[in-house]
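Report on one structure; see the data block that follows.
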Amino acid sequence: MKKIVEEFLNYLSVEKGLAENSIKAYTQDLNKYINHLEQKKITSFSQVRRNNITNFMLYLKDKGLNSNSISRALVAIKVLHRFLVNESYLKEDITSVLSLPKLWRKLPEVLTPDEIDKILAGPNLKTEQGLRDKAALELMYATGMRVSEIAGLKINDLNLDMGFVKCVGKGQKERIIPLGRYASKALSRYLNKARPRLLKEKDQPHLFLSRLGKRVSRQTFWKSVKTYTKKSRIKKEITPHTLRHSFATHLLERGADLRTVQEMLGHSDISTTQIYTHINKERLKQIHRKFHPRP
């Protein structure tokens with residue numbers, strides 16, 4: 001179970017871009033949870049029942065934890081179990097009936113179009129790695145794909161002639177997303193100039209390759225986004241997911257239909273997509289406060 005929890009914490013860091021302090025808090029809460037389960041002779045998440053979680057909450061209360069700390073631990077457990085179902089470790093989310101505050105309700109960080117341009121201009125196009133990173137960054141912003149989806153892309157998922165990419169997202173759900181001319185151009189340049197040099201094995205199916213000819217990991221993409229953000233001197237806390245947030249926000253700002261954006265993002269519930277409309281409203285308020293003579 002501890003190994004799976006480590007995978008989950010990595011998911012929070014890479015996919016969701018949670019801050020280091022938040023990761024530490026979830027680590028502490030989930031370590032307590034696992035230790036409690038093991039003391040009850042539970043060695044697999046498939047053995048966990050709702051009463052085990054309830055008993056853990058009572059255990060925390062008996063230890064003197066306040067309601068906020070117990071609520072935080074409960075949120076961590078709920079999101080962990082949702083992850084276990086999404087990753088096919090479990091068939092059922094036993095925490096789904098629990099009424100809990102949602103994680104990540106804080107409005108996500110969004111880049112301006114100018115900031116996007118600065119980051120996309122970062123890679124050195126004279127190197128194979130630079131061409132690869134340029135293609136990957138353009139693809140992230142053009143499609144709003146998750147970093148795990150980018151890392152899992154295979155060369156056959158691209159159709160540059162038609163200008164589309166096939167993406168397999170959460171729950172193995174497949175969706176087709178337009179590329180746009182900038183991403184198409186960057187991908188074509190990478191495929192023609194860089195990928196053949198990076199390719200070590202002729203049967204390597206993945207689109208993005210490391211210098212060793214292997215599939216590029218999610219962590220590598222995460223680090224590259226950090227590198228190019230620092231190079232562009234942008235002070236915001238940026239992760240690959242920020243490009244996904246920016247993709248959705250910029251589309252809606254320019255009049256895109258909410259359900260169309262939902263489909264491109266691969267959200268099963270439109271309420272998840274609606275958070276980007278809240279971002280637009282908050283931005284309007286900020287502009288009004290800044291420029292109106294009587295804010």
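As shown in the structure tokens, the chain order sets the letters A, B, ...; within each chain, residues go from 1, and ligands are also counted from 1 in the order they appear.
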Identify all residues of range 5-191 of chain A in helix (DSSP H, G or I) (DSSP on the backbone) and supply them as a ChimeraX atom specification.
/A:5-14,20-39,45-47,50-62,67-86,113-120,128-143,147-152,155-157,170-172,181-191
Output of the above residues as a compact mmCIF listing (two decimals), in the first residue's frame, restricted to C-alpha atoms:
```txt
# COMPACT_ATOMS: atom_id res chain seq x y z
CA VAL A 5 0.63 5.92 -1.91
CA GLU A 6 4.04 7.06 -3.22
CA GLU A 7 2.65 6.81 -6.77
CA PHE A 8 -0.37 8.86 -5.69
CA LEU A 9 1.81 11.57 -4.11
CA ASN A 10 3.84 11.76 -7.30
CA TYR A 11 0.57 12.18 -9.20
CA LEU A 12 -0.39 15.09 -6.93
CA SER A 13 2.97 16.74 -7.56
CA VAL A 14 3.31 16.16 -11.30
CA GLU A 20 5.62 21.09 -1.60
CA ASN A 21 3.98 21.97 1.72
CA SER A 22 0.69 20.46 0.56
CA ILE A 23 2.47 17.27 -0.52
CA LYS A 24 4.08 17.04 2.93
CA ALA A 25 0.68 17.42 4.61
CA TYR A 26 -0.87 14.66 2.48
CA THR A 27 2.16 12.47 3.11
CA GLN A 28 1.73 12.81 6.88
CA ASP A 29 -2.03 12.17 6.77
CA LEU A 30 -1.77 9.16 4.49
CA ASN A 31 1.12 7.63 6.44
CA LYS A 32 -1.09 7.76 9.55
CA TYR A 33 -3.91 6.17 7.52
CA ILE A 34 -1.74 3.33 6.23
CA ASN A 35 -0.20 2.67 9.65
CA HIS A 36 -3.69 2.52 11.19
CA LEU A 37 -4.87 0.05 8.53
CA GLU A 38 -1.81 -2.14 9.00
CA GLN A 39 -2.41 -2.23 12.77
CA PHE A 45 -6.73 -1.31 -0.27
CA SER A 46 -9.22 -3.87 -1.58
CA GLN A 47 -9.76 -4.93 2.04
CA ARG A 50 -16.16 2.38 5.03
CA ASN A 51 -16.19 1.52 8.71
CA ASN A 52 -12.37 1.30 8.61
CA ILE A 53 -12.24 4.93 7.46
CA THR A 54 -14.81 5.96 10.08
CA ASN A 55 -12.78 4.21 12.77
CA PHE A 56 -9.66 6.05 11.60
CA MET A 57 -11.48 9.38 11.95
CA LEU A 58 -12.52 8.45 15.50
CA TYR A 59 -8.93 7.44 16.20
CA LEU A 60 -7.70 10.90 15.10
CA LYS A 61 -10.35 12.55 17.29
CA ASP A 62 -9.25 10.49 20.29
CA SER A 67 -11.85 19.23 13.18
CA ASN A 68 -9.81 21.01 10.49
CA SER A 69 -7.00 18.46 10.72
CA ILE A 70 -9.44 15.54 10.65
CA SER A 71 -11.23 17.08 7.66
CA ARG A 72 -7.91 17.49 5.85
CA ALA A 73 -7.05 13.84 6.46
CA LEU A 74 -10.47 12.79 5.23
CA VAL A 75 -10.01 14.78 2.03
CA ALA A 76 -6.65 13.09 1.43
CA ILE A 77 -8.25 9.66 1.87
CA LYS A 78 -11.14 10.50 -0.44
CA VAL A 79 -8.88 11.74 -3.23
CA LEU A 80 -6.56 8.75 -2.75
CA HIS A 81 -9.45 6.33 -3.22
CA ARG A 82 -10.66 8.22 -6.29
CA PHE A 83 -7.14 7.84 -7.69
CA LEU A 84 -7.17 4.10 -6.92
CA VAL A 85 -10.34 3.69 -8.98
CA ASN A 86 -9.07 5.84 -11.85
CA PRO A 113 -0.86 34.91 -23.80
CA ASP A 114 2.37 36.95 -23.56
CA GLU A 115 3.68 34.67 -20.81
CA ILE A 116 2.78 31.64 -22.90
CA ASP A 117 4.76 33.09 -25.81
CA LYS A 118 7.82 33.61 -23.58
CA ILE A 119 7.77 30.01 -22.35
CA LEU A 120 7.21 28.59 -25.83
CA GLU A 128 17.25 17.58 -30.56
CA GLN A 129 16.08 18.15 -27.00
CA GLY A 130 15.06 21.71 -27.79
CA LEU A 131 13.04 20.62 -30.82
CA ARG A 132 11.37 17.93 -28.73
CA ASP A 133 10.55 20.31 -25.87
CA LYS A 134 9.24 22.93 -28.27
CA ALA A 135 6.89 20.37 -29.84
CA ALA A 136 5.73 19.12 -26.45
CA LEU A 137 5.08 22.62 -25.05
CA GLU A 138 3.20 23.71 -28.16
CA LEU A 139 1.16 20.52 -27.96
CA MET A 140 0.31 21.04 -24.28
CA TYR A 141 -0.98 24.55 -24.91
CA ALA A 142 -2.69 23.75 -28.22
CA THR A 143 -4.66 20.78 -26.86
CA VAL A 147 1.22 15.70 -18.97
CA SER A 148 0.58 11.96 -18.52
CA GLU A 149 -1.35 11.95 -21.79
CA ILE A 150 1.50 13.75 -23.57
CA ALA A 151 4.02 11.26 -22.19
CA GLY A 152 1.86 8.34 -23.30
CA ILE A 155 3.47 8.35 -33.06
CA ASN A 156 0.38 6.74 -34.61
CA ASP A 157 -1.84 8.99 -32.48
CA LYS A 170 -8.55 8.85 -17.72
CA GLY A 171 -10.60 5.67 -17.70
CA GLN A 172 -9.15 4.81 -21.12
CA ARG A 181 -0.89 25.29 -37.02
CA TYR A 182 1.77 26.24 -34.43
CA ALA A 183 1.73 22.84 -32.74
CA SER A 184 1.55 21.07 -36.11
CA LYS A 185 4.60 22.98 -37.35
CA ALA A 186 6.60 22.25 -34.18
CA LEU A 187 5.65 18.56 -34.27
CA SER A 188 6.56 18.25 -37.94
CA ARG A 189 9.96 19.83 -37.29
CA TYR A 190 10.57 17.49 -34.34
CA LEU A 191 9.55 14.41 -36.35
```
Taking the backbone alone, and naming residues the way the document does, which bits of range 117-237 of chain A are strand (DSSP E or B) by DSSP, as a list in words?
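Filtering range 117-237 of chain A down to strand (DSSP E or B) leaves Lys154, Leu158, Asn159, Phe164, Val165, Lys166, Cys167, Val168, Glu174, Arg175, Ile176, Ile177, Pro178, His206, Leu209 and Arg215 of chain A.
Among the candidates A:Asn159, A:Thr95, A:Thr239, A:Thr273, the one nearest to Gln219 in chain A when counting only C-alpha atoms is A:Thr239.
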Quick check, in Å to one decimal: how far apart do CA of Arg49 in chain A and CA of Lys173 in chain A lie?
28.2 Å
Report as a list in words all protein, DNA and RNA residues lying within 8 Å of His245 in chain A, evaluated on only C-alpha atoms, omitting residues in the same chain fewer than 3 positions from it.
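Residues near the query, excluding close chain neighbours: Pro108, Glu109, Val110, Gly144, His241, Thr242, Ala248, Thr249 and Tyr276 of chain A.
Nearest-residue note for Leu125 in chain A: choosing from A:Lys166, A:Ile238, A:Lys193, A:Pro178, the minimum distance belongs to A:Lys193, counting only C-alpha atoms.
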Separating CA of Arg146 in chain A from CA of Val97 in chain A, to the nearest tenth of an Å, is a gap of 27.3 Å
Coordinates-based distance that separates CA of Glu15 in chain A from CA of Glu87 in chain A (Å, one decimal)
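Between CA of Glu87 in chain A and CA of Glu15 in chain A the gap is 13.5 Å.
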